[in-house]
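Below: protein_33.cif (mmCIF, C-alpha atoms)
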data_work
loop_
_atom_site.label_atom_id
_atom_site.label_comp_id
_atom_site.auth_asym_id
_atom_site.auth_seq_id
_atom_site.Cartn_x
_atom_site.Cartn_y
_atom_site.Cartn_z
CA MET K 7 105.09 91.59 109.27
CA GLN K 8 105.40 87.98 110.33
CA VAL K 9 108.25 86.74 112.48
CA PHE K 10 110.43 84.35 110.46
CA HIS K 11 112.83 81.59 111.47
CA CYS K 12 115.42 79.74 109.44
CA ASP K 13 113.78 76.46 108.43
CA HIS K 14 117.21 74.79 108.54
CA CYS K 15 118.42 75.70 112.04
CA GLY K 16 115.48 77.55 113.63
CA ALA K 17 117.33 80.84 114.19
CA LEU K 18 115.44 84.12 114.01
CA VAL K 19 115.65 85.80 110.59
CA PHE K 20 114.18 89.00 109.22
CA PHE K 21 112.28 89.92 106.08
CA GLU K 22 115.31 91.75 104.66
CA ASN K 23 117.91 89.01 105.33
CA VAL K 24 119.81 87.17 102.58
CA GLN K 25 121.73 84.78 104.84
CA CYS K 26 121.12 83.08 108.17
CA VAL K 27 123.73 84.41 110.59
CA ALA K 28 123.52 81.21 112.63
CA CYS K 29 123.96 78.43 110.03
CA GLY K 30 125.07 80.42 106.98
CA HIS K 31 122.30 79.16 104.68
CA LYS K 32 121.24 81.42 101.83
CA LEU K 33 117.77 82.89 102.44
CA ALA K 34 115.06 84.17 100.12
CA PHE K 35 111.45 85.20 100.43
CA LEU K 36 109.08 82.90 98.55
CA PRO K 37 106.03 84.93 97.46
CA ASP K 38 104.05 81.79 96.59
CA VAL K 39 104.13 80.59 100.21
CA GLY K 40 104.67 83.96 101.93
CA ALA K 41 107.71 82.86 103.92
CA MET K 42 111.44 83.38 104.29
CA ALA K 43 113.14 80.13 103.34
CA SER K 44 116.59 78.58 103.55
CA LEU K 45 117.82 77.34 100.18
CA GLU K 46 119.81 74.36 98.98
CA GLN K 47 121.39 74.65 95.52
CA THR K 48 120.31 71.88 93.14
CA ASP K 49 121.85 73.19 89.92
CA GLN K 50 123.92 76.16 88.82
CA ASP K 51 120.94 78.53 88.93
CA LEU K 52 118.30 76.47 90.73
CA TRP K 53 117.45 76.14 94.40
CA ARG K 54 115.14 74.09 96.57
CA SER K 55 113.37 74.99 99.81
CA PRO K 56 112.02 72.82 102.65
CA TRP K 57 108.74 74.75 102.24
CA GLN K 58 108.23 73.32 98.73
CA PRO K 59 110.60 70.33 98.39
CA GLN K 60 109.12 69.28 95.04
CA ARG K 61 109.48 72.76 93.54
CA GLN K 62 112.61 74.50 92.27
CA TYR K 63 113.31 78.22 92.39
CA ARG K 64 115.48 80.82 90.70
CA LEU K 65 116.80 83.89 92.50
CA CYS K 66 115.65 87.25 91.20
CA PRO K 67 118.41 88.79 89.02
CA ASN K 68 118.29 91.88 91.24
CA TYR K 69 119.27 89.53 94.08
CA VAL K 70 122.11 87.77 92.22
CA GLU K 71 123.50 90.59 90.10
CA ARG K 72 122.64 93.84 91.89
CA ASP K 73 122.15 92.95 95.57
CA VAL K 74 118.96 95.01 95.92
CA CYS K 75 116.45 92.14 96.27
CA ASN K 76 116.07 88.93 98.30
CA TRP K 77 113.10 87.26 96.61
CA ALA K 78 112.97 84.01 94.67
CA ILE K 79 110.89 82.98 91.64
CA ALA K 80 109.49 79.58 90.76
CA ALA K 81 111.77 77.97 88.17
CA ASP K 82 108.88 77.57 85.73
CA ASP K 83 107.78 81.22 86.05
CA PRO K 84 108.13 82.84 82.59
CA HIS K 85 109.17 86.19 84.11
CA SER K 86 112.83 86.93 84.72
CA LEU K 87 112.26 89.26 87.70
CA CYS K 88 110.30 88.64 90.91
CA ILE K 89 106.80 90.13 91.26
CA SER K 90 108.14 93.10 93.24
CA CYS K 91 111.07 94.00 90.99
CA ARG K 92 109.11 93.77 87.76
CA LEU K 93 106.84 96.55 89.03
CA THR K 94 109.81 98.94 88.85
CA THR K 95 110.31 100.44 85.39
CA VAL K 96 112.75 103.30 86.16
CA ILE K 97 115.69 103.14 88.59
CA PRO K 98 118.17 105.80 89.74
CA ASP K 99 121.63 106.09 88.22
CA THR K 100 123.41 103.12 89.81
CA GLY K 101 126.77 104.56 88.74
CA GLU K 102 126.45 106.94 91.69
CA PRO K 103 127.09 105.18 95.05
CA GLN K 104 124.44 107.24 96.87
CA GLN K 105 121.82 106.57 94.21
CA ARG K 106 122.59 102.85 94.28
CA LEU K 107 122.01 102.91 98.04
CA ASN K 108 118.82 104.90 97.48
CA TRP K 109 117.58 102.27 95.03
CA TYR K 110 118.26 99.53 97.59
CA LYS K 111 116.26 101.40 100.24
CA LEU K 112 113.38 102.05 97.85
CA GLU K 113 113.17 98.40 96.76
CA THR K 114 113.38 97.21 100.38
CA ALA K 115 110.42 99.41 101.32
CA LYS K 116 108.51 98.41 98.17
CA ARG K 117 108.88 94.70 98.93
CA ARG K 118 107.27 95.28 102.32
CA LEU K 119 104.45 97.14 100.59
CA VAL K 120 103.99 94.40 97.97
CA ARG K 121 103.91 91.68 100.60
CA ASN K 122 101.30 93.74 102.51
CA LEU K 123 99.13 94.08 99.39
CA MET K 124 99.44 90.38 98.61
CA MET K 125 98.33 89.52 102.14
CA LEU K 126 95.26 91.76 101.69
CA ARG K 127 94.57 90.06 98.33
CA LEU K 128 94.45 93.33 96.45
CA PRO K 129 94.85 93.43 92.64
CA LEU K 130 98.53 93.72 91.81
CA ALA K 131 99.62 93.43 88.16
CA PRO K 132 102.56 95.14 86.43
CA LYS K 133 101.76 97.61 83.67
CA SER K 134 103.77 95.42 81.30
CA GLU K 135 101.01 92.80 81.68
CA ASP K 136 97.97 95.08 82.02
CA ILE K 137 98.52 98.43 80.34
CA GLU K 138 95.11 99.80 81.35
CA HIS K 139 94.89 98.75 85.00
CA GLY K 140 98.46 97.72 85.82
CA LEU K 141 100.97 99.33 88.17
CA ALA K 142 104.49 100.69 87.66
CA PHE K 143 107.04 102.43 89.88
CA GLU K 144 109.51 105.01 88.63
CA PHE K 145 112.35 105.84 91.02
CA LYS K 146 113.90 109.04 89.71
CA SER K 147 116.69 111.23 91.09
CA ARG K 148 116.91 114.95 90.46
CA ASN K 149 120.25 114.46 88.68
CA ALA K 150 118.42 112.51 85.98
CA ALA K 151 115.76 115.18 85.45
CA PRO K 152 116.07 117.77 82.67
CA GLU K 153 117.71 121.01 83.83
CA GLY K 154 115.31 123.22 85.72
CA GLN K 155 112.76 120.46 86.35
CA GLN K 156 111.92 118.90 89.69
CA VAL K 157 111.22 115.24 90.34
CA LEU K 158 107.86 115.18 92.08
CA THR K 159 106.55 112.18 93.98
CA GLY K 160 103.07 111.34 92.72
CA HIS K 161 100.70 109.03 90.86
CA THR K 162 99.26 109.20 87.35
CA ASN K 163 97.25 106.42 85.69
CA GLY K 164 98.92 103.58 87.56
CA VAL K 165 102.45 105.03 87.39
CA ILE K 166 103.90 105.92 90.79
CA THR K 167 106.89 108.26 90.70
CA ILE K 168 109.09 108.53 93.78
CA ASN K 169 111.83 111.12 94.22
CA ALA K 170 114.72 108.70 94.84
CA ASP K 171 116.73 111.40 96.63
CA GLU K 172 114.29 111.13 99.53
CA ALA K 173 115.60 107.66 100.31
CA ASP K 174 118.49 109.60 101.90
CA ASP K 175 117.50 110.40 105.49
CA ALA K 176 118.99 113.90 105.47
CA GLU K 177 117.25 114.85 102.22
CA ARG K 178 113.91 113.51 103.43
CA GLU K 179 114.21 115.33 106.76
CA LYS K 180 114.81 118.58 104.88
CA HIS K 181 111.53 118.09 103.02
CA ARG K 182 109.70 117.10 106.21
CA ARG K 183 110.77 120.26 108.01
CA ALA K 184 109.98 122.48 105.02
CA LEU K 185 106.46 121.08 104.83
CA HIS K 186 105.94 121.10 108.64
CA GLU K 187 105.12 117.39 108.68
CA PRO K 188 105.32 115.28 111.86
CA TYR K 189 106.16 112.13 109.92
CA ARG K 190 107.77 111.37 106.54
CA THR K 191 109.16 107.99 105.45
CA VAL K 192 109.91 106.15 102.21
CA LEU K 193 107.39 103.44 103.12
CA GLY K 194 104.84 106.14 103.91
CA HIS K 195 105.34 107.67 100.45
CA LEU K 196 104.76 104.28 98.82
CA ARG K 197 101.67 103.54 100.87
CA HIS K 198 100.22 106.99 100.15
CA GLU K 199 100.77 106.86 96.39
CA ILE K 200 99.45 103.31 96.12
CA GLY K 201 96.33 104.67 97.78
CA HIS K 202 95.74 106.89 94.73
CA TYR K 203 96.16 103.83 92.51
CA TYR K 204 93.59 101.85 94.48
CA TRP K 205 91.14 104.75 94.44
CA ASP K 206 91.12 104.32 90.67
CA ARG K 207 90.78 100.53 90.99
CA LEU K 208 88.29 100.22 93.86
CA ILE K 209 86.31 103.48 94.09
CA ALA K 210 86.12 105.32 90.76
CA GLY K 211 83.02 104.26 88.85
CA SER K 212 82.03 101.73 91.52
CA ASP K 213 79.03 101.44 93.83
CA ARG K 214 81.33 102.78 96.60
CA LEU K 215 81.64 106.23 95.02
CA ALA K 216 78.57 107.80 96.65
CA ALA K 217 79.62 106.54 100.08
CA PHE K 218 83.15 107.84 99.43
CA ARG K 219 81.82 111.33 98.68
CA ASP K 220 79.68 111.23 101.79
CA ARG K 221 82.74 110.61 104.00
CA PHE K 222 85.66 112.25 102.16
CA GLY K 223 84.02 114.93 100.01
CA ASP K 224 83.51 115.42 96.28
CA GLU K 225 86.66 114.52 94.35
CA ARG K 226 85.38 116.52 91.36
CA GLU K 227 86.64 119.68 93.10
CA ASP K 228 89.46 121.22 91.03
CA TYR K 229 92.56 119.35 92.24
CA ASP K 230 95.29 121.83 91.20
CA GLN K 231 93.36 124.75 92.65
CA ALA K 232 92.79 122.84 95.91
CA LEU K 233 96.51 122.08 96.28
CA ARG K 234 97.47 125.70 95.61
CA ARG K 235 95.04 126.83 98.28
CA HIS K 236 96.45 124.30 100.73
CA TYR K 237 100.08 125.34 100.18
CA ASP K 238 99.24 129.06 100.17
CA ASN K 239 96.97 129.09 103.22
CA GLY K 240 97.74 125.90 105.11
CA PRO K 241 95.14 123.49 106.53
CA PRO K 242 91.98 124.75 108.30
CA ALA K 243 92.32 125.27 112.03
CA ASP K 244 89.98 122.38 112.82
CA TRP K 245 91.56 119.81 110.49
CA GLN K 246 92.23 117.37 113.36
CA LEU K 247 88.48 117.00 113.89
CA HIS K 248 88.06 115.49 110.44
CA HIS K 249 91.33 114.01 109.15
CA VAL K 250 94.27 111.77 110.06
CA SER K 251 96.75 114.41 108.84
CA ALA K 252 96.82 118.07 107.83
CA TYR K 253 97.50 117.15 104.20
CA CYS K 254 94.21 115.25 104.06
CA SER K 255 92.37 118.58 104.12
CA ALA K 256 93.83 119.61 100.74
CA HIS K 257 91.45 117.51 98.59
CA PRO K 258 89.28 114.37 98.94
CA TRP K 259 91.78 112.37 96.88
CA GLU K 260 94.56 113.27 99.33
CA ASP K 261 92.27 112.52 102.26
CA TRP K 262 91.70 109.02 100.84
CA ALA K 263 95.39 108.41 100.08
CA GLU K 264 96.53 109.54 103.54
CA THR K 265 93.82 107.46 105.22
CA TRP K 266 94.70 104.44 103.06
CA ALA K 267 98.39 104.77 103.98
CA HIS K 268 97.43 105.06 107.63
CA TYR K 269 95.38 101.87 107.39
CA LEU K 270 98.34 99.98 105.90
CA HIS K 271 100.52 101.30 108.75
CA MET K 272 98.00 99.86 111.20
CA VAL K 273 97.73 96.46 109.50
CA ASP K 274 101.49 95.92 109.25
CA THR K 275 102.28 97.15 112.77
CA LEU K 276 99.51 95.13 114.40
CA GLU K 277 100.54 91.99 112.52
CA THR K 278 104.11 92.50 113.73
CA ALA K 279 103.02 93.07 117.33
CA ALA K 280 100.91 89.90 117.26
CA ALA K 281 103.69 87.87 115.63
CA CYS K 282 106.13 89.04 118.31
CA GLY K 283 103.68 87.96 121.02
CA VAL K 284 103.20 91.46 122.40
CA THR K 285 100.67 91.72 125.23
CA LEU K 286 99.79 94.50 127.66
CA LYS K 287 98.41 93.58 131.06
CA PRO K 288 98.15 96.84 133.06
CA ALA K 289 97.61 96.96 136.80
CA ARG K 290 94.66 99.33 136.35
CA ARG K 291 91.57 98.60 134.29
CA ASP K 292 91.48 102.10 132.80
CA GLU K 293 94.89 101.68 131.11
CA PRO K 294 95.29 100.25 127.59
CA ALA K 295 95.40 96.45 127.42
CA LEU K 296 96.39 94.17 124.58
CA ALA K 297 95.74 90.46 124.29
CA THR K 298 97.02 87.98 121.71
CA PRO K 299 96.15 86.49 119.35
CA PRO K 300 94.63 89.49 117.58
CA GLY K 301 90.95 89.60 116.70
CA PRO K 302 89.53 88.42 113.37
CA ALA K 303 90.78 90.29 110.32
CA ASN K 304 87.26 91.56 109.61
CA ASP K 305 86.75 92.91 113.14
CA PHE K 306 87.49 96.62 112.74
CA GLU K 307 86.54 97.50 116.33
CA ARG K 308 89.00 94.98 117.73
CA MET K 309 91.66 96.22 115.32
CA LEU K 310 91.10 99.81 116.45
CA ASN K 311 91.28 98.94 120.13
CA ASP K 312 94.49 96.99 119.57
CA TRP K 313 95.90 99.95 117.63
CA PHE K 314 95.31 102.39 120.48
CA SER K 315 97.06 100.01 122.87
CA VAL K 316 100.08 99.39 120.62
CA THR K 317 100.62 103.10 119.88
CA TYR K 318 100.29 103.95 123.57
CA MET K 319 103.13 101.51 124.24
CA LEU K 320 105.24 102.67 121.26
CA ASN K 321 105.06 106.34 122.18
CA ASN K 322 105.92 105.68 125.82
CA LEU K 323 108.90 103.53 124.81
CA ASN K 324 110.14 106.25 122.46
CA ARG K 325 109.83 108.91 125.13
CA GLY K 326 111.89 106.71 127.42
CA LEU K 327 114.62 106.77 124.76
CA GLY K 328 114.35 110.54 124.36
CA VAL K 329 113.15 110.42 120.75
CA ALA K 330 110.00 111.69 119.04
CA ASP K 331 106.74 109.76 119.29
CA ALA K 332 106.61 106.82 116.90
CA TYR K 333 102.94 107.64 116.32
CA PRO K 334 102.39 111.44 116.29
CA PHE K 335 98.69 111.30 115.37
CA VAL K 336 95.30 111.64 117.08
CA LEU K 337 92.35 109.84 115.53
CA SER K 338 89.06 111.75 115.68
CA PRO K 339 85.68 109.98 115.30
CA SER K 340 85.47 111.31 111.73
CA ALA K 341 88.96 109.97 110.87
CA ILE K 342 88.04 106.60 112.39
CA GLU K 343 84.97 106.36 110.16
CA LYS K 344 87.17 107.02 107.14
CA LEU K 345 89.53 104.25 108.23
CA ARG K 346 86.51 101.99 108.63
CA PHE K 347 85.53 102.83 105.03
CA VAL K 348 89.00 101.79 103.80
CA HIS K 349 88.74 98.59 105.86
CA GLU K 350 85.33 97.76 104.40
CA THR K 351 86.48 98.55 100.86
CA ILE K 352 89.38 96.12 101.15
CA ALA K 353 87.21 93.49 102.87
CA ARG K 354 84.84 93.55 99.87
CA ARG K 355 87.69 92.18 97.74
#

I need this file expressed as structure tokens, please.
Amino acid sequence: MQVFHCDHCGALVFFENVQCVACGHKLAFLPDVGAMASLEQTDQDLWRSPWQPQRQYRLCPNYVERDVCNWAIAADDPHSLCISCRLTTVIPDTGEPQQRLNWYKLETAKRRLVRNLMMLRLPLAPKSEDIEHGLAFEFKSRNAAPEGQQVLTGHTNGVITINADEADDAEREKHRRALHEPYRTVLGHLRHEIGHYYWDRLIAGSDRLAAFRDRFGDEREDYDQALRRHYDNGPPADWQLHHVSAYCSAHPWEDWAETWAHYLHMVDTLETAAACGVTLKPARRDEPALATPPGPANDFERMLNDWFSVTYMLNNLNRGLGVADAYPFVLSPSAIEKLRFVHETIARR
């Protein structure tokens, strides 16, 4: 994520902010310029930004009426909702305070994902505009499911379902421990499931399919049977030699989705580190170093070297605070080649 400053007073502001704490100006993210902006009201429902002084904006209704968004829309945009909010087609029961908070957390994470995808120039259209290739998010709580049915996080034909209850930290931790996972976050869920969506958009039926099978395996293996085997027997003992996570070993589709999510973790974290001016200048040459600015976006080797340095720093900082490693993963040569494949697939766009 970029580092943002109020364009009225220069104070530091964050991607999630709705008001500058220094000067009090209303803030909104402008997707058309990719920046947080201070706003001046020009009419009852219209606003102007120093970024685009000749253009007027409306605030997303989920910003004004429901307080779960902070994005603006060009006044002449025919859509009522911002590009992020109109991807959501099902929301939790907002009559329940916890579910309303869950919805806020889910939308906050999704906006970060959407901004990430826009930066990478990946196809991003709502299903309401492209029924065949479009994308939709359904945030469902177990209270809304028919009796006896579970709400399962997953992806089917461009529809991503997220168990909204997992936006609650305690609920998500319960699932993490039950599944023996080292890492489980709302943003991670979104990045993983969007990986399935982009497999359909970028790999299936393309000239990348043969290369995909060479690195990840044959996705024509029975998926349900593969998952049952994984949950009954666990991952193979040598999974770390081939995958970024144990769940990758369940099926080539899951290997792709986990690797895709991992790549998005890397891109966002490295962008943030660079924007914050992070550098590492160790006293010894054999210790990780990090220079800014970061290397070219198409330089995977530079990206990988920067990633090792940043995660080395993150984990040491966390240990100093007495908390778990921020990055509990080890990347094998095979996993790195899979990440390279994701990088090259996106670069082809």

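If all atoms listed in the file are the atoms counted, then among K:Glu260, K:Ala170, K:Glu225, K:Asp238 the closest residue to K:Ile200 is K:Glu260.
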
Which one is closest to K:Phe218: K:Val273, K:Ile79, K:Val348, K:Cys66? Count all atoms listed in the file.
K:Val348

Evaluate the PyMOL selection byres ((chain K and resi 189) around 9) here and jot the selected residues down as a compact mmCIF listing (two decimals) with C-alpha atoms, in the coordinates of the input.
# COMPACT_ATOMS: atom_id res chain seq x y z
CA ARG K 182 109.70 117.10 106.21
CA GLU K 187 105.12 117.39 108.68
CA PRO K 188 105.32 115.28 111.86
CA ARG K 190 107.77 111.37 106.54
CA THR K 191 109.16 107.99 105.45
CA GLY K 194 104.84 106.14 103.91
CA ALA K 332 106.61 106.82 116.90
CA TYR K 333 102.94 107.64 116.32
CA PRO K 334 102.39 111.44 116.29

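Taking all atoms listed in the file into account, K:Arg207 lies nearest to K:Glu138 out of the set K:Asp174, K:Asp83, K:Asp244, K:Glu138.
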
Take the PyMOL selection byres ((chain K and resi 281) around 9), apply it to the structure above, and return the hits as a tab-separated table (two decimals) with C-alpha atoms, in the frame of the given file.
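Wrote out25.tsv, looks like this:
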chain	number	residue	atom	x	y	z
K	7	MET	CA	105.09	91.59	109.27
K	8	GLN	CA	105.40	87.98	110.33
K	9	VAL	CA	108.25	86.74	112.48
K	276	LEU	CA	99.51	95.13	114.40
K	277	GLU	CA	100.54	91.99	112.52
K	278	THR	CA	104.11	92.50	113.73
K	279	ALA	CA	103.02	93.07	117.33
K	280	ALA	CA	100.91	89.90	117.26
K	282	CYS	CA	106.13	89.04	118.31
K	283	GLY	CA	103.68	87.96	121.02
K	284	VAL	CA	103.20	91.46	122.40
K	299	PRO	CA	96.15	86.49	119.35

Just need the box for stretch 98-110 of chain K, edges along x, y and z, holding every atom the file lists for it with 5 Å tacked onto each side, so centre and edge lengths in Å to one decimal, as JSON.
{"center_x": 122.3, "center_y": 103.4, "center_z": 93.1, "size_x": 19.5, "size_y": 17.7, "size_z": 19.8}

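Atom CA of K:Arg178 is positioned 21.7 Å from atom CA of K:Asp261.
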
I'd like the neighbourhood of stretch 165-169 of chain K as a ChimeraX atom specification, where a residue qualifies if any of its atoms comes within 7 Å (using only C-alpha atoms), though same-chain residues fewer than 5 positions away should be ignored.
/K:141-147,157-160,199

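Proximity of K:Ala78, K:Val39, K:Leu196, K:Ala17 to K:Ala263, computed with all atoms listed in the file, is greatest for K:Leu196.
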
Residues picked by the PyMOL selection byres ((chain K and resi 294) around 12) here, as a PyMOL selection string?
chain K and resi 285-293+295-297+310-319

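Considering the residues K:Pro98, K:Pro241, K:Gly211, K:Gly328 and counting all atoms listed in the file, K:Asp171 has its shortest atom-to-atom contact with K:Pro98.
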